[in-house]
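Since the structure comes first, as structure tokens, the remarks are kept for the end.
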Amino acid sequence: MLEGEQQLVERAKSGDSSAFGLLYDYYLPRIYRFVLIKVGHREVAEDITHLAFLKAWENIDRYSYRGHPFGSWLYRVARNTMMDHYRSSSPQIYIDDTFIEPEADGPRPGENIDTKMESERIMKAMVRLSGLEQDVIIMRFVEDLPTREVAEAVGKSEGAVKLIQHRAMKKLRDIL
Amino acid sequence: MIQEEKLIEQLNNLKSISPSDAFASRLKGVILSTQKPQRNVFGINRLSISLKESLGFTLSVGLVAILVALFLGITPQTVSPIIGSATPGADSVSMLNQANAAVSDIDIHLAEVDTFDAAAQQTSNALTNINPSSMSQERNNIGASSTSVSDDASKIDDVLSKLSN
């Protein structure tokens, strides 16, 4: 959770765009990563991330702190935006030209071929999970969010999240 | 089968995914240049919210009143005597009776007028068609004098002159 997050949220609610800019800087990589792993295509992920942050900025008044960080609410907005996207267009899997496609900025330092291939295998396996299972796995093991925050983001109880996580991990291990 | 620790490690490697700097700065510019919709305290937004709230409250109260009335077995028939005694002018039955009585009075008067009109017409017709000979015969029958008014006047003058002498 970002330090002083609640103050930033309150400032953003009152129309302070610079406060929202700080929240954006912190959460953009997380939300983008979450979306990209799920949709598997960079351009689609950018479009959805764009819409999700616009919605968050326009509807930030609806967020109220109830013991969960702003990030949980943002993940929820991103999930809803993805659902809207797939509702309005037929679902497509872009696994072949997805995550493995070259970075726009070129390869990152230290990034090796083996890691890329492993990541590709994981991505392909993730596609075979349900949407909810993908959400839980990404939030728990990619973003390292605690179960409580994941539960808030996906609208389930902590017990349900643990159960979904257990099933999803078993499925992934079976696939891999 | 892959070990869970290994799987978690591989999943954690996905953290290296990040948006391009160009996308991040472009999107930030777009979002921050977008005007955030403000809550309009005194404007239409507030008015619509207030209206919605007041309508919601009124509907709630109305619904509760109807439910209570149904629960107590109150119907329009049981309520009408109470309302009638409180507002006598609003008693539709007595108003209808009064209106009917007034209409029948008007009808009676109109019938009388018709009768008198018919009688007057018949009398007029009879006087127009009367025979003068039958009139004089009738006068003779009742012993009336045939003297004229001027004769009577001269007699009165005579009497008065005698008295004055």
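To be explicit about the labels: the chains of the structure tokens are called A, B, and onward in the order shown, and within each one the residues are counted from 1, while ligands get numbers from 1 in the order they are shown.
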Dump as a tab-separated table (two decimals) with N, CA and C atoms, in the first residue's frame the residues of chain B that approach chain A to within 8 Å, counting only C-alpha atoms.
```tsv
chain	number	residue	atom	x	y	z
B	1	MET	N	5.51	-33.54	-12.32
B	1	MET	CA	4.71	-32.38	-11.92
B	1	MET	C	5.61	-31.34	-11.24
B	2	ILE	N	5.40	-30.10	-11.60
B	2	ILE	CA	6.21	-29.01	-11.08
B	2	ILE	C	5.94	-28.79	-9.59
B	3	GLN	N	6.99	-28.48	-8.86
B	3	GLN	CA	6.83	-28.22	-7.44
B	3	GLN	C	6.15	-26.87	-7.23
B	4	GLU	N	5.39	-26.77	-6.13
B	4	GLU	CA	4.64	-25.54	-5.89
B	4	GLU	C	5.58	-24.33	-5.70
B	7	LEU	N	6.74	-23.20	-9.00
B	7	LEU	CA	5.64	-22.53	-9.70
B	7	LEU	C	5.45	-21.10	-9.19
B	8	ILE	N	5.49	-20.96	-7.86
B	8	ILE	CA	5.33	-19.62	-7.27
B	8	ILE	C	6.47	-18.70	-7.73
B	10	GLN	N	8.14	-18.94	-10.51
B	10	GLN	CA	7.91	-18.58	-11.93
B	10	GLN	C	6.81	-17.52	-12.06
B	11	LEU	N	5.78	-17.69	-11.26
B	11	LEU	CA	4.71	-16.69	-11.28
B	11	LEU	C	5.26	-15.33	-10.85
B	12	ASN	N	6.13	-15.36	-9.88
B	12	ASN	CA	6.69	-14.11	-9.37
B	12	ASN	C	7.56	-13.41	-10.42
B	13	ASN	N	8.09	-14.21	-11.33
B	13	ASN	CA	8.90	-13.62	-12.41
B	13	ASN	C	8.07	-12.76	-13.35
B	14	LEU	N	6.77	-13.02	-13.37
B	14	LEU	CA	5.89	-12.22	-14.25
B	14	LEU	C	5.84	-10.76	-13.80
B	15	LYS	N	6.34	-10.53	-12.60
B	15	LYS	CA	6.36	-9.16	-12.08
B	15	LYS	C	7.22	-8.24	-12.94
B	17	ILE	N	6.95	-7.79	-15.97
B	17	ILE	CA	6.12	-7.14	-17.00
B	17	ILE	C	5.78	-5.72	-16.54
B	18	SER	N	5.96	-4.79	-17.42
B	18	SER	CA	5.58	-3.41	-17.08
B	18	SER	C	5.24	-2.66	-18.37
B	19	PRO	N	4.44	-1.65	-18.24
B	19	PRO	CA	4.06	-0.90	-19.45
B	19	PRO	C	5.23	-0.10	-19.99
B	20	SER	N	5.16	0.20	-21.26
B	20	SER	CA	6.24	1.02	-21.84
B	20	SER	C	6.13	2.43	-21.29
B	21	ASP	N	7.27	3.08	-21.23
B	21	ASP	CA	7.29	4.45	-20.70
B	21	ASP	C	6.43	5.38	-21.54
B	23	PHE	N	3.72	4.64	-23.25
B	23	PHE	CA	2.31	4.42	-22.92
B	23	PHE	C	1.98	5.07	-21.58
B	24	ALA	N	2.85	4.85	-20.59
B	24	ALA	CA	2.59	5.37	-19.24
B	24	ALA	C	2.47	6.89	-19.25
B	27	LEU	N	-0.75	8.02	-21.31
B	27	LEU	CA	-1.99	7.79	-20.57
B	27	LEU	C	-2.13	8.77	-19.41
B	28	LYS	N	-1.03	9.03	-18.75
B	28	LYS	CA	-1.08	9.97	-17.62
B	28	LYS	C	-1.53	11.35	-18.10
B	31	ILE	N	-5.30	11.23	-18.84
B	31	ILE	CA	-6.15	11.16	-17.65
B	31	ILE	C	-6.15	12.48	-16.89
B	32	LEU	N	-4.97	13.04	-16.71
B	32	LEU	CA	-4.90	14.27	-15.92
B	32	LEU	C	-5.46	15.48	-16.66
B	36	LYS	N	-12.30	15.96	-13.97
B	36	LYS	CA	-13.05	15.04	-13.12
B	36	LYS	C	-14.43	15.64	-12.87
B	37	PRO	N	-15.50	14.84	-13.07
B	37	PRO	CA	-16.84	15.37	-12.81
B	37	PRO	C	-16.96	15.78	-11.34
B	38	GLN	N	-17.32	17.05	-11.13
B	38	GLN	CA	-17.44	17.55	-9.75
B	38	GLN	C	-18.83	17.30	-9.23
```
Applying 10 Å and only C-alpha atoms, which residues near Gly71 (chain A) remain after dropping the ones on its own chain fewer than 4 positions away? List them as a ChimeraX atom specification. /A:1-2,5,23,26-27,30-31,75-77,145,149-150,152-153
State, in Å with one decimal place, the distance from CA of Thr34 (chain B) to CA of Phe70 (chain A). 20.3 Å
Pick out the residues sitting within 8 Å of Glu133 (chain A), and hand them over as a ChimeraX atom specification; count only C-alpha atoms, and ignore anything fewer than 5 positions along from it in its own chain. /A:164-165,168
